[in-house]
file query-v2.txt (compact mmCIF, C-alpha atoms (C1' of nucleotides))
# COMPACT_ATOMS: atom_id res chain seq x y z
CA MET J 1 22.59 15.05 -2.24
CA MET J 2 20.61 11.87 -1.98
CA LYS J 3 17.07 11.32 -3.25
CA ILE J 4 15.02 8.72 -1.38
CA ALA J 5 11.56 7.68 -2.57
CA THR J 6 8.71 5.48 -1.40
CA TYR J 7 6.17 3.91 -3.73
CA ASN J 8 3.34 1.50 -2.98
CA VAL J 9 3.27 -0.17 -6.39
CA ASN J 10 0.24 -2.41 -5.80
CA GLY J 11 1.79 -5.39 -7.58
CA VAL J 12 5.43 -5.10 -8.66
CA ASN J 13 5.05 -7.36 -11.70
CA GLY J 14 1.81 -5.88 -12.98
CA ARG J 15 3.26 -2.43 -12.34
CA LEU J 16 6.68 -3.05 -13.91
CA PRO J 17 6.29 -0.78 -17.00
CA VAL J 18 5.09 2.10 -14.79
CA LEU J 19 7.82 1.51 -12.21
CA LEU J 20 10.57 1.45 -14.84
CA LYS J 21 9.24 4.56 -16.59
CA TRP J 22 9.12 6.45 -13.28
CA LEU J 23 12.63 5.29 -12.25
CA LYS J 24 14.00 6.58 -15.54
CA ILE J 25 12.39 10.00 -15.10
CA ALA J 26 12.73 10.51 -11.34
CA LYS J 27 16.15 8.85 -10.90
CA PRO J 28 15.85 8.31 -7.15
CA ASP J 29 19.00 7.03 -5.44
CA VAL J 30 17.04 4.82 -3.06
CA VAL J 31 13.50 3.47 -3.47
CA CYS J 32 11.34 1.73 -0.89
CA LEU J 33 8.56 -0.33 -2.46
CA GLN J 34 5.46 -1.76 -0.82
CA GLU J 35 2.73 -4.18 -1.90
CA LEU J 36 4.92 -6.26 -4.17
CA LYS J 37 2.20 -8.96 -4.28
CA SER J 38 4.91 -11.33 -5.44
CA PRO J 39 6.68 -14.34 -3.97
CA ASP J 40 10.45 -13.86 -3.61
CA GLU J 41 11.25 -15.95 -6.68
CA LYS J 42 9.03 -13.84 -8.94
CA PHE J 43 10.51 -10.44 -8.00
CA PRO J 44 11.56 -8.78 -11.32
CA MET J 45 15.24 -8.66 -10.38
CA ALA J 46 16.58 -8.64 -13.96
CA ALA J 47 14.44 -5.66 -15.02
CA VAL J 48 15.34 -3.72 -11.87
CA GLU J 49 19.06 -4.39 -12.43
CA GLU J 50 18.70 -3.43 -16.09
CA ALA J 51 17.31 -0.10 -14.85
CA GLY J 52 20.49 0.37 -12.82
CA TYR J 53 19.38 -0.69 -9.35
CA LYS J 54 20.49 -3.24 -6.81
CA ALA J 55 17.66 -4.54 -4.65
CA ILE J 56 16.74 -6.53 -1.58
CA TRP J 57 13.17 -7.73 -1.10
CA HIS J 58 10.91 -9.57 1.28
CA GLY J 59 7.91 -10.94 -0.59
CA GLN J 60 5.14 -13.44 -0.23
CA LYS J 61 2.49 -14.93 -2.48
CA SER J 62 -0.48 -12.71 -3.40
CA TRP J 63 -0.20 -9.95 -0.80
CA ASN J 64 2.10 -7.52 1.00
CA GLY J 65 5.83 -7.54 0.22
CA VAL J 66 8.47 -4.81 0.60
CA ALA J 67 11.75 -3.98 -1.16
CA ILE J 68 14.64 -1.52 -1.02
CA LEU J 69 16.37 -0.47 -4.26
CA SER J 70 19.59 1.52 -4.57
CA ARG J 71 21.20 3.03 -7.67
CA LYS J 72 24.64 4.19 -6.54
CA HIS J 73 25.34 2.83 -3.09
CA PRO J 74 25.50 -0.72 -1.80
CA ILE J 75 22.61 -2.00 0.30
CA ARG J 76 23.56 -3.68 3.56
CA GLU J 77 20.55 -5.62 4.77
CA ILE J 78 19.98 -5.39 8.52
CA GLY J 79 16.84 -7.48 8.86
CA ARG J 80 13.49 -8.55 7.49
CA GLY J 81 10.22 -8.92 9.32
CA LEU J 82 9.09 -6.75 12.22
CA PRO J 83 10.25 -8.22 15.56
CA GLY J 84 7.85 -9.06 18.38
CA ASP J 85 5.57 -11.77 17.00
CA PRO J 86 7.05 -15.01 15.63
CA GLU J 87 3.52 -16.01 14.47
CA ASP J 88 3.31 -13.04 12.09
CA MET J 89 3.96 -14.35 8.58
CA GLN J 90 3.09 -11.16 6.69
CA SER J 91 5.97 -9.53 4.75
CA ARG J 92 5.67 -5.92 5.76
CA PHE J 93 9.09 -4.81 7.00
CA ILE J 94 12.66 -4.76 5.71
CA GLU J 95 15.58 -2.67 6.96
CA ALA J 96 18.96 -1.84 5.51
CA GLU J 97 21.82 0.60 5.74
CA VAL J 98 22.54 2.64 2.60
CA LYS J 99 25.35 5.21 2.66
CA GLY J 100 25.21 5.53 6.43
CA ILE J 101 21.42 5.91 6.62
CA HIS J 102 19.45 3.25 8.51
CA ILE J 103 16.32 2.77 6.41
CA CYS J 104 13.22 0.85 7.52
CA CYS J 105 10.80 0.18 4.65
CA LEU J 106 7.38 -0.69 6.01
CA TYR J 107 3.84 -1.50 4.95
CA LEU J 108 1.55 -1.06 7.92
CA PRO J 109 -1.66 -3.12 7.88
CA ASN J 110 -4.79 -1.51 6.47
CA GLY J 111 -6.95 -2.66 9.41
CA ASN J 112 -10.41 -2.56 7.85
CA PRO J 113 -13.04 -3.46 8.75
CA ALA J 114 -12.87 -1.78 12.14
CA PRO J 115 -13.50 -2.86 14.76
CA GLY J 116 -12.51 -6.49 14.24
CA PRO J 117 -9.53 -8.84 14.08
CA LYS J 118 -7.90 -6.95 11.20
CA PHE J 119 -8.04 -3.72 13.16
CA ASP J 120 -6.62 -5.51 16.22
CA TYR J 121 -3.76 -6.75 14.04
CA LYS J 122 -3.12 -3.21 12.81
CA LEU J 123 -2.90 -1.82 16.34
CA GLU J 124 -0.67 -4.73 17.47
CA TRP J 125 1.61 -4.16 14.48
CA PHE J 126 1.71 -0.48 15.38
CA LYS J 127 2.77 -1.36 18.94
CA ARG J 128 5.57 -3.57 17.66
CA LEU J 129 6.69 -0.83 15.26
CA THR J 130 6.69 1.67 18.12
CA ALA J 131 8.84 -0.67 20.23
CA LYS J 132 11.24 -1.13 17.31
CA ALA J 133 11.32 2.64 16.72
CA LYS J 134 12.14 3.26 20.37
CA GLN J 135 15.25 1.11 20.00
CA LEU J 136 16.19 2.94 16.80
CA GLN J 137 15.98 6.28 18.60
CA LYS J 138 18.99 5.19 20.68
CA LEU J 139 21.18 5.21 17.57
CA THR J 140 23.29 8.23 16.69
CA GLU J 141 23.27 7.52 12.95
CA PRO J 142 20.54 8.92 10.66
CA VAL J 143 17.40 6.75 10.71
CA LEU J 144 14.40 6.76 8.38
CA LEU J 145 11.06 5.00 8.85
CA VAL J 146 9.44 5.13 5.45
CA GLY J 147 6.56 3.58 3.58
CA ASP J 148 2.82 3.12 3.54
CA PHE J 149 1.68 3.73 7.11
CA ASN J 150 -2.03 3.47 6.26
CA VAL J 151 -2.67 6.45 8.55
CA MET J 152 -3.89 9.95 7.78
CA PRO J 153 -2.24 11.82 10.67
CA THR J 154 -4.60 14.83 10.70
CA GLU J 155 -7.75 16.18 9.08
CA LEU J 156 -5.58 18.08 6.61
CA ASP J 157 -4.46 14.72 5.23
CA VAL J 158 -7.87 13.48 4.07
CA TYR J 159 -10.53 14.65 1.67
CA LYS J 160 -13.78 14.97 3.64
CA PRO J 161 -12.46 13.79 7.04
CA GLU J 162 -15.98 13.45 8.45
CA ARG J 163 -16.51 10.47 6.15
CA TRP J 164 -13.41 8.69 7.47
CA VAL J 165 -13.81 8.91 11.25
CA ASP J 166 -14.85 5.25 11.58
CA ASP J 167 -12.29 3.96 9.07
CA ALA J 168 -9.25 2.00 10.25
CA LEU J 169 -6.96 4.55 8.56
CA PHE J 170 -8.36 7.50 10.50
CA ARG J 171 -9.98 6.19 13.69
CA PRO J 172 -8.90 7.90 16.93
CA GLU J 173 -6.95 4.80 18.02
CA THR J 174 -4.97 4.83 14.75
CA ARG J 175 -4.17 8.52 14.90
CA ALA J 176 -3.22 8.19 18.57
CA ALA J 177 -0.85 5.34 17.73
CA PHE J 178 0.79 7.49 15.05
CA GLN J 179 1.13 10.43 17.46
CA LYS J 180 2.65 8.17 20.12
CA LEU J 181 5.25 7.05 17.58
CA ILE J 182 5.98 10.63 16.46
CA LYS J 183 6.45 11.78 20.05
CA GLN J 184 9.50 9.54 20.40
CA GLY J 185 11.26 12.17 18.32
CA TRP J 186 10.37 11.49 14.68
CA THR J 187 9.88 14.24 12.13
CA ASP J 188 7.27 13.88 9.37
CA ALA J 189 9.35 15.14 6.43
CA ILE J 190 6.59 16.08 3.99
CA ARG J 191 4.45 17.85 6.60
CA THR J 192 7.53 19.72 7.86
CA LEU J 193 8.30 20.95 4.34
CA TYR J 194 4.67 21.91 3.65
CA PRO J 195 3.03 22.71 7.01
CA ASP J 196 -0.33 23.96 5.68
CA GLU J 197 -0.76 22.42 2.22
CA VAL J 198 -3.21 19.73 1.23
CA ILE J 199 -0.96 16.91 0.04
CA TYR J 200 -2.18 13.47 -0.97
CA THR J 201 -0.24 10.31 -1.85
CA PHE J 202 -3.18 7.97 -2.57
CA TRP J 203 -6.32 8.25 -4.65
CA ASP J 204 -8.95 5.51 -4.81
CA TYR J 205 -9.50 3.77 -8.14
CA PHE J 206 -13.24 4.35 -7.62
CA ARG J 207 -15.39 7.32 -8.49
CA ASN J 208 -12.71 9.26 -10.38
CA ALA J 209 -11.01 10.03 -7.07
CA TYR J 210 -7.81 11.23 -8.76
CA GLY J 211 -9.69 13.51 -11.16
CA ARG J 212 -11.57 15.04 -8.21
CA ASN J 213 -8.43 15.10 -6.04
CA ALA J 214 -10.29 13.10 -3.41
CA GLY J 215 -7.16 11.64 -1.87
CA LEU J 216 -5.37 10.65 1.29
CA ARG J 217 -1.87 11.28 2.65
CA ILE J 218 -0.80 7.90 4.01
CA ASP J 219 2.77 7.40 2.70
CA HIS J 220 5.25 8.99 5.09
CA PHE J 221 8.92 9.68 5.79
CA LEU J 222 9.71 9.77 9.51
CA MET J 223 13.24 10.99 10.28
CA ASN J 224 15.27 11.04 13.47
CA ASP J 225 17.10 14.27 14.35
CA ALA J 226 20.36 13.21 12.73
CA LEU J 227 18.55 12.85 9.41
CA SER J 228 16.01 15.68 9.72
CA LYS J 229 18.75 18.30 9.98
CA ARG J 230 19.90 17.16 6.52
CA LEU J 231 16.42 17.41 4.93
CA GLN J 232 16.46 19.55 1.82
CA ASN J 233 13.35 19.01 -0.30
CA GLY J 234 10.48 16.64 -0.96
CA GLY J 235 7.28 16.07 -2.88
CA VAL J 236 4.77 13.76 -4.51
CA ASP J 237 5.16 12.65 -8.14
CA LYS J 238 1.44 13.13 -8.55
CA GLU J 239 1.38 12.86 -12.35
CA VAL J 240 2.38 9.18 -12.10
CA ARG J 241 -1.06 8.50 -10.61
CA GLY J 242 -2.54 9.68 -13.92
CA TRP J 243 -0.59 7.21 -16.07
CA GLU J 244 -2.11 4.14 -17.71
CA LYS J 245 -2.14 0.95 -15.59
CA THR J 246 -0.95 2.92 -12.58
CA SER J 247 -0.96 2.19 -8.85
CA ASP J 248 -3.54 3.82 -6.58
CA HIS J 249 -0.56 5.42 -4.76
CA ALA J 250 1.83 7.98 -6.21
CA PRO J 251 5.59 7.92 -5.52
CA VAL J 252 6.74 10.27 -2.75
CA TRP J 253 10.33 11.48 -2.34
CA ILE J 254 12.71 13.54 -0.24
CA THR J 255 16.24 14.80 -0.80
CA VAL J 256 18.81 14.94 1.98
CA LYS J 257 22.17 16.70 1.99
CA ASP J 258 25.33 14.66 2.03
CA LYS J 259 26.84 14.49 5.48
C1' DA D 260 -25.08 3.48 3.28
C1' DT D 261 -23.61 1.44 -0.95
C1' DG D 262 -20.79 0.57 -4.76
C1' DA D 263 -17.58 1.77 -7.96
C1' DC D 264 -12.00 -0.36 -9.52
C1' DT D 265 -7.73 -3.18 -9.57
C1' DG D 266 -4.10 -7.04 -8.91
C1' DG D 267 -3.47 -11.64 -7.91
C1' DT D 268 -5.25 -16.09 -8.36
C1' DG D 269 -7.13 -19.14 -11.10
C1' DT D 270 -12.08 -19.19 -13.85
C1' DG D 271 -15.19 -18.29 -7.55
C1' DA D 272 -21.43 -16.78 -5.66
C1' DC D 273 -12.97 -15.48 -4.97
C1' DC D 274 -9.96 -12.10 -1.52
C1' DA D 275 -8.02 -7.78 -0.19
C1' DG D 276 -7.06 -3.19 -0.72
C1' DA D 277 -8.00 2.06 1.54
call {"tool": "encode", "arguments": {"input": "query-v2.txt", "output": "structure tokens"}}
result
Amino acid sequence: MMKIATYNVNGVNGRLPVLLKWLKIAKPDVVCLQELKSPDEKFPMAAVEEAGYKAIWHGQKSWNGVAILSRKHPIREIGRGLPGDPEDMQSRFIEAEVKGIHICCLYLPNGNPAPGPKFDYKLEWFKRLTAKAKQLQKLTEPVLLVGDFNVMPTELDVYKPERWVDDALFRPETRAAFQKLIKQGWTDAIRTLYPDEVIYTFWDYFRNAYGRNAGLRIDHFLMNDALSKRLQNGGVDKEVRGWEKTSDHAPVWITVKDK
DNA sequence: ATGACTGGTGTGACCAGA
């Protein structure tokens, strides 16, 4: 059995005590992190190794940044940066093979305000991801696209959907882009495990959103068929969102059977 | 419709997040 988690930490250095506490409790085998907000040289490698994890990361100053951590199995990096635009300097994509699973850790652009150049960038990034995903669908090995997609796929995934229809995370163009990706043959692990439940992975810092459970489901695991037939369990470590100095996202995890 | 929080950066009447 292998436990794979995703966690948008919203600053890996500021979040280090929370991250380490959660790693100790949850003991995931593989962790995909987003929003490091750290240049490569300031990634807290020593603390992560002390916690028992090897890591690869793709950071930048101030914003974005993604990493893959592994406890038991070696990480073979495959690439960093999403192909398709040599002008794109934002660190939002890193891929690696861990124990035979091809893992893409991604942080899709937020896209607000919409419409506007940031929303255009989001949709362009989505197109490039979809092109990359199409190539990955040709592989026979298990493949996982995981991370912060900044998309609520359906109305079930957002508190008061009527308030979000013009938001970059929920606009028709964004949801259509997500559906186009899914239709290549990807399975949304958490929604497959819990078809009808309200599940959130993010709660705003504002207005006591966590206390009111006014959340969003925007962190996703998309599996190809070779991986989805091994899916066992999954969930959100919701209590982490209630800790002191916590991220606005909670960690999300799945377990998959050994081959 | 607005603003409320937070991290990073660097003391900004800051930016960006979702």
call {"tool": "closest_residue", "arguments": {"input": "query-v2.txt", "among": "J:Pro109, J:Pro153, J:Pro83, J:Gly116", "to": "DA277 of chain D", "atoms": "only C-alpha atoms (C1' of nucleotides)"}}
result
J:Pro109
call {"tool": "residues_around", "arguments": {"input": "query-v2.txt", "residues": "segment 248-259 of chain J", "least_positions_apart": "6", "cutoff": "6 Å", "atoms": "only C-alpha atoms (C1' of nucleotides)", "output": "list of chain:residue names"}}
result
J:Met1, J:Met2, J:Lys3, J:Ile4, J:Ala5, J:Thr6, J:Tyr7, J:Asn8, J:Thr201, J:Phe202, J:Trp203, J:Asp204, J:Arg230, J:Leu231, J:Gln232, J:Asn233, J:Gly234, J:Gly235, J:Val236, J:Asp237, J:Lys238, J:Arg241
call {"tool": "atom_distance", "arguments": {"input": "query-v2.txt", "atom1": "atom CA of Asp196 of chain J", "atom2": "atom CA of Thr154 of chain J"}}
result
11.3 Å
call {"tool": "closest_residue", "arguments": {"input": "query-v2.txt", "among": "J:Pro113, J:Gly185, J:Pro39, J:Gly81", "to": "Leu136 of chain J", "atoms": "all atoms listed in the file"}}
result
J:Gly185
call {"tool": "residues_around", "arguments": {"input": "query-v2.txt", "residues": "Ile56 of chain J", "least_positions_apart": "6", "cutoff": "12 Å", "atoms": "all atoms listed in the file", "output": "VMD selection string"}}
result
chain J and resid 30 to 33 40 43 to 45 48 to 49 65 to 70 74 to 80 93 to 98 105
call {"tool": "closest_atom_pairs", "arguments": {"input": "query-v2.txt", "of": "segment 59-150 of chain J", "to": "segment 261-272 of chain D", "cutoff": "12 Å", "atoms": "all atoms listed in the file", "output": "Markdown table"}}
result
| residue | atom | partner | partner_atom | distance |
| --- | --- | --- | --- | --- |
| J:Gln60 | CA | D:DG267 | C1' | 11.7 |
| J:Lys61 | CA | D:DG267 | C1' | 8.7 |
| J:Ser62 | CA | D:DG267 | C1' | 5.5 |
| J:Trp63 | CA | D:DG267 | C1' | 8.0 |
| J:Asn64 | CA | D:DG267 | C1' | 11.3 |
call {"tool": "closest_residue", "arguments": {"input": "query-v2.txt", "among": "J:Arg128, J:Lys138, J:Lys27, J:Lys37", "to": "DA275 of chain D", "atoms": "all atoms listed in the file"}}
result
J:Lys37
call {"tool": "closest_atom_pairs", "arguments": {"input": "query-v2.txt", "of": "chain J", "to": "chain D", "cutoff": "12 Å", "atoms": "all atoms listed in the file", "output": "CSV"}}
result
residue,atom,partner,partner_atom,distance
J:Asn8,CA,D:DG276,C1',11.6
J:Val9,CA,D:DG266,C1',10.4
J:Asn10,CA,D:DG266,C1',7.1
J:Gly11,CA,D:DG266,C1',6.3
J:Val12,CA,D:DG266,C1',9.7
J:Asn13,CA,D:DG266,C1',9.6
J:Gly14,CA,D:DG266,C1',7.3
J:Arg15,CA,D:DG266,C1',9.3
J:Glu35,CA,D:DG276,C1',9.9
J:Leu36,CA,D:DG266,C1',10.2
J:Lys37,CA,D:DG267,C1',7.2
J:Ser38,CA,D:DG267,C1',8.7
J:Pro39,CA,D:DG267,C1',11.2
J:Gln60,CA,D:DG267,C1',11.7
J:Lys61,CA,D:DG267,C1',8.7
J:Ser62,CA,D:DG267,C1',5.5
J:Trp63,CA,D:DG267,C1',8.0
J:Asn64,CA,D:DA275,C1',10.2
J:Leu108,CA,D:DA277,C1',11.9
J:Pro109,CA,D:DG276,C1',10.2
J:Asn110,CA,D:DA277,C1',6.9
J:Gly111,CA,D:DA277,C1',9.2
J:Asn112,CA,D:DA277,C1',8.2
J:Pro113,CA,D:DA277,C1',10.4
J:Lys118,CA,D:DA275,C1',11.4
J:Asp148,CA,D:DA277,C1',11.1
J:Phe149,CA,D:DA277,C1',11.3
J:Asn150,CA,D:DA277,C1',7.7
J:Val151,CA,D:DA277,C1',9.8
J:Met152,CA,D:DA277,C1',10.9
J:Val158,CA,D:DA277,C1',11.7
J:Arg163,CA,D:DA260,C1',11.4
J:Trp164,CA,D:DA277,C1',10.4
J:Asp167,CA,D:DA277,C1',8.9
J:Ala168,CA,D:DA277,C1',8.8
J:Leu169,CA,D:DA277,C1',7.5
J:Phe170,CA,D:DA277,C1',10.5
J:Thr201,CA,D:DA277,C1',11.8
J:Phe202,CA,D:DA277,C1',8.7
J:Trp203,CA,D:DA277,C1',8.9
J:Asp204,CA,D:DA277,C1',7.3
J:Tyr205,CA,D:DC264,C1',5.0
J:Phe206,CA,D:DA263,C1',5.1
J:Arg207,CA,D:DA263,C1',6.0
J:Asn208,CA,D:DA263,C1',9.3
J:Ala209,CA,D:DA263,C1',10.6
J:Gly215,CA,D:DA277,C1',10.2
J:Leu216,CA,D:DA277,C1',9.0
J:Arg217,CA,D:DA277,C1',11.1
J:Ile218,CA,D:DA277,C1',9.6
J:Lys245,CA,D:DT265,C1',9.2
J:Thr246,CA,D:DT265,C1',9.6
J:Ser247,CA,D:DT265,C1',8.7
J:Asp248,CA,D:DT265,C1',8.7
J:His249,CA,D:DA277,C1',10.3
call {"tool": "write_last_selection", "arguments": {"input": "query-v2.txt", "atoms": "C-alpha atoms", "output": "PDB file, keeping the file's coordinate frame"}}
result
ATOM      1  CA  ASN J   8       3.340   1.500  -2.980  1.00  0.00           C
ATOM      2  CA  VAL J   9       3.270  -0.170  -6.390  1.00  0.00           C
ATOM      3  CA  ASN J  10       0.240  -2.410  -5.800  1.00  0.00           C
ATOM      4  CA  GLY J  11       1.790  -5.390  -7.580  1.00  0.00           C
ATOM      5  CA  VAL J  12       5.430  -5.100  -8.660  1.00  0.00           C
ATOM      6  CA  ASN J  13       5.050  -7.360 -11.700  1.00  0.00           C
ATOM      7  CA  GLY J  14       1.810  -5.880 -12.980  1.00  0.00           C
ATOM      8  CA  ARG J  15       3.260  -2.430 -12.340  1.00  0.00           C
ATOM      9  CA  GLU J  35       2.730  -4.180  -1.900  1.00  0.00           C
ATOM     10  CA  LEU J  36       4.920  -6.260  -4.170  1.00  0.00           C
ATOM     11  CA  LYS J  37       2.200  -8.960  -4.280  1.00  0.00           C
ATOM     12  CA  SER J  38       4.910 -11.330  -5.440  1.00  0.00           C
ATOM     13  CA  PRO J  39       6.680 -14.340  -3.970  1.00  0.00           C
ATOM     14  CA  GLN J  60       5.140 -13.440  -0.230  1.00  0.00           C
ATOM     15  CA  LYS J  61       2.490 -14.930  -2.480  1.00  0.00           C
ATOM     16  CA  SER J  62      -0.480 -12.710  -3.400  1.00  0.00           C
ATOM     17  CA  TRP J  63      -0.200  -9.950  -0.800  1.00  0.00           C
ATOM     18  CA  ASN J  64       2.100  -7.520   1.000  1.00  0.00           C
ATOM     19  CA  LEU J 108       1.550  -1.060   7.920  1.00  0.00           C
ATOM     20  CA  PRO J 109      -1.660  -3.120   7.880  1.00  0.00           C
ATOM     21  CA  ASN J 110      -4.790  -1.510   6.470  1.00  0.00           C
ATOM     22  CA  GLY J 111      -6.950  -2.660   9.410  1.00  0.00           C
ATOM     23  CA  ASN J 112     -10.410  -2.560   7.850  1.00  0.00           C
ATOM     24  CA  PRO J 113     -13.040  -3.460   8.750  1.00  0.00           C
ATOM     25  CA  LYS J 118      -7.900  -6.950  11.200  1.00  0.00           C
ATOM     26  CA  ASP J 148       2.820   3.120   3.540  1.00  0.00           C
ATOM     27  CA  PHE J 149       1.680   3.730   7.110  1.00  0.00           C
ATOM     28  CA  ASN J 150      -2.030   3.470   6.260  1.00  0.00           C
ATOM     29  CA  VAL J 151      -2.670   6.450   8.550  1.00  0.00           C
ATOM     30  CA  MET J 152      -3.890   9.950   7.780  1.00  0.00           C
ATOM     31  CA  VAL J 158      -7.870  13.480   4.070  1.00  0.00           C
ATOM     32  CA  ARG J 163     -16.510  10.470   6.150  1.00  0.00           C
ATOM     33  CA  TRP J 164     -13.410   8.690   7.470  1.00  0.00           C
ATOM     34  CA  ASP J 167     -12.290   3.960   9.070  1.00  0.00           C
ATOM     35  CA  ALA J 168      -9.250   2.000  10.250  1.00  0.00           C
ATOM     36  CA  LEU J 169      -6.960   4.550   8.560  1.00  0.00           C
ATOM     37  CA  PHE J 170      -8.360   7.500  10.500  1.00  0.00           C
ATOM     38  CA  THR J 201      -0.240  10.310  -1.850  1.00  0.00           C
ATOM     39  CA  PHE J 202      -3.180   7.970  -2.570  1.00  0.00           C
ATOM     40  CA  TRP J 203      -6.320   8.250  -4.650  1.00  0.00           C
ATOM     41  CA  ASP J 204      -8.950   5.510  -4.810  1.00  0.00           C
ATOM     42  CA  TYR J 205      -9.500   3.770  -8.140  1.00  0.00           C
ATOM     43  CA  PHE J 206     -13.240   4.350  -7.620  1.00  0.00           C
ATOM     44  CA  ARG J 207     -15.390   7.320  -8.490  1.00  0.00           C
ATOM     45  CA  ASN J 208     -12.710   9.260 -10.380  1.00  0.00           C
ATOM     46  CA  ALA J 209     -11.010  10.030  -7.070  1.00  0.00           C
ATOM     47  CA  GLY J 215      -7.160  11.640  -1.870  1.00  0.00           C
ATOM     48  CA  LEU J 216      -5.370  10.650   1.290  1.00  0.00           C
ATOM     49  CA  ARG J 217      -1.870  11.280   2.650  1.00  0.00           C
ATOM     50  CA  ILE J 218      -0.800   7.900   4.010  1.00  0.00           C
ATOM     51  CA  LYS J 245      -2.140   0.950 -15.590  1.00  0.00           C
ATOM     52  CA  THR J 246      -0.950   2.920 -12.580  1.00  0.00           C
ATOM     53  CA  SER J 247      -0.960   2.190  -8.850  1.00  0.00           C
ATOM     54  CA  ASP J 248      -3.540   3.820  -6.580  1.00  0.00           C
ATOM     55  CA  HIS J 249      -0.560   5.420  -4.760  1.00  0.00           C
TER      56      HIS J 249
END
call {"tool": "atom_distance", "arguments": {"input": "query-v2.txt", "atom1": "atom CA of Ile190 of chain J", "atom2": "atom CA of Gly84 of chain J"}}
result
29.0 Å
call {"tool": "atom_distance", "arguments": {"input": "query-v2.txt", "atom1": "atom CA of Leu106 of chain J", "atom2": "atom CA of Ala226 of chain J"}}
result
20.2 Å
call {"tool": "closest_residue", "arguments": {"input": "query-v2.txt", "among": "J:Glu141, J:Asp225, J:Asp219, J:Asp166", "to": "Trp186 of chain J", "atoms": "only C-alpha atoms"}}
result
J:Asp225
call {"tool": "axis_aligned_box", "arguments": {"input": "query-v2.txt", "around": "segment 261-267 of chain D", "padding_each_side": "5 Å", "output": "lines of an AutoDock Vina configuration file"}}
result
center_x = -13.5
center_y = -4.9
center_z = -5.3
size_x = 30.1
size_y = 23.4
size_z = 18.6
call {"tool": "decode", "arguments": {"input": "query-v2.txt", "residues": "chain D", "atoms": "C-alpha atoms (C1' of nucleotides)", "output": "mmCIF file, in the first residue's frame"}}
result
data_model
loop_
_atom_site.group_PDB
_atom_site.id
_atom_site.type_symbol
_atom_site.label_atom_id
_atom_site.label_comp_id
_atom_site.auth_asym_id
_atom_site.auth_seq_id
_atom_site.Cartn_x
_atom_site.Cartn_y
_atom_site.Cartn_z
ATOM 1 C "C1'" DA D 260 -20.518 44.723 -3.961
ATOM 2 C "C1'" DT D 261 -17.046 45.064 -0.482
ATOM 3 C "C1'" DG D 262 -13.784 43.595 2.744
ATOM 4 C "C1'" DA D 263 -12.033 40.541 5.846
ATOM 5 C "C1'" DC D 264 -6.728 37.439 6.350
ATOM 6 C "C1'" DT D 265 -2.027 35.673 5.354
ATOM 7 C "C1'" DG D 266 2.927 34.991 3.465
ATOM 8 C "C1'" DG D 267 6.591 37.131 1.338
ATOM 9 C "C1'" DT D 268 9.079 41.216 0.858
ATOM 10 C "C1'" DG D 269 10.988 44.737 2.944
ATOM 11 C "C1'" DT D 270 8.781 48.947 6.018
ATOM 12 C "C1'" DG D 271 4.719 50.447 0.416
ATOM 13 C "C1'" DA D 272 -0.581 54.428 -0.495
ATOM 14 C "C1'" DC D 273 3.229 46.812 -1.594
ATOM 15 C "C1'" DC D 274 1.558 42.141 -4.376
ATOM 16 C "C1'" DA D 275 -0.945 37.931 -4.797
ATOM 17 C "C1'" DG D 276 -3.787 34.487 -3.267
ATOM 18 C "C1'" DA D 277 -8.947 31.973 -4.109
#
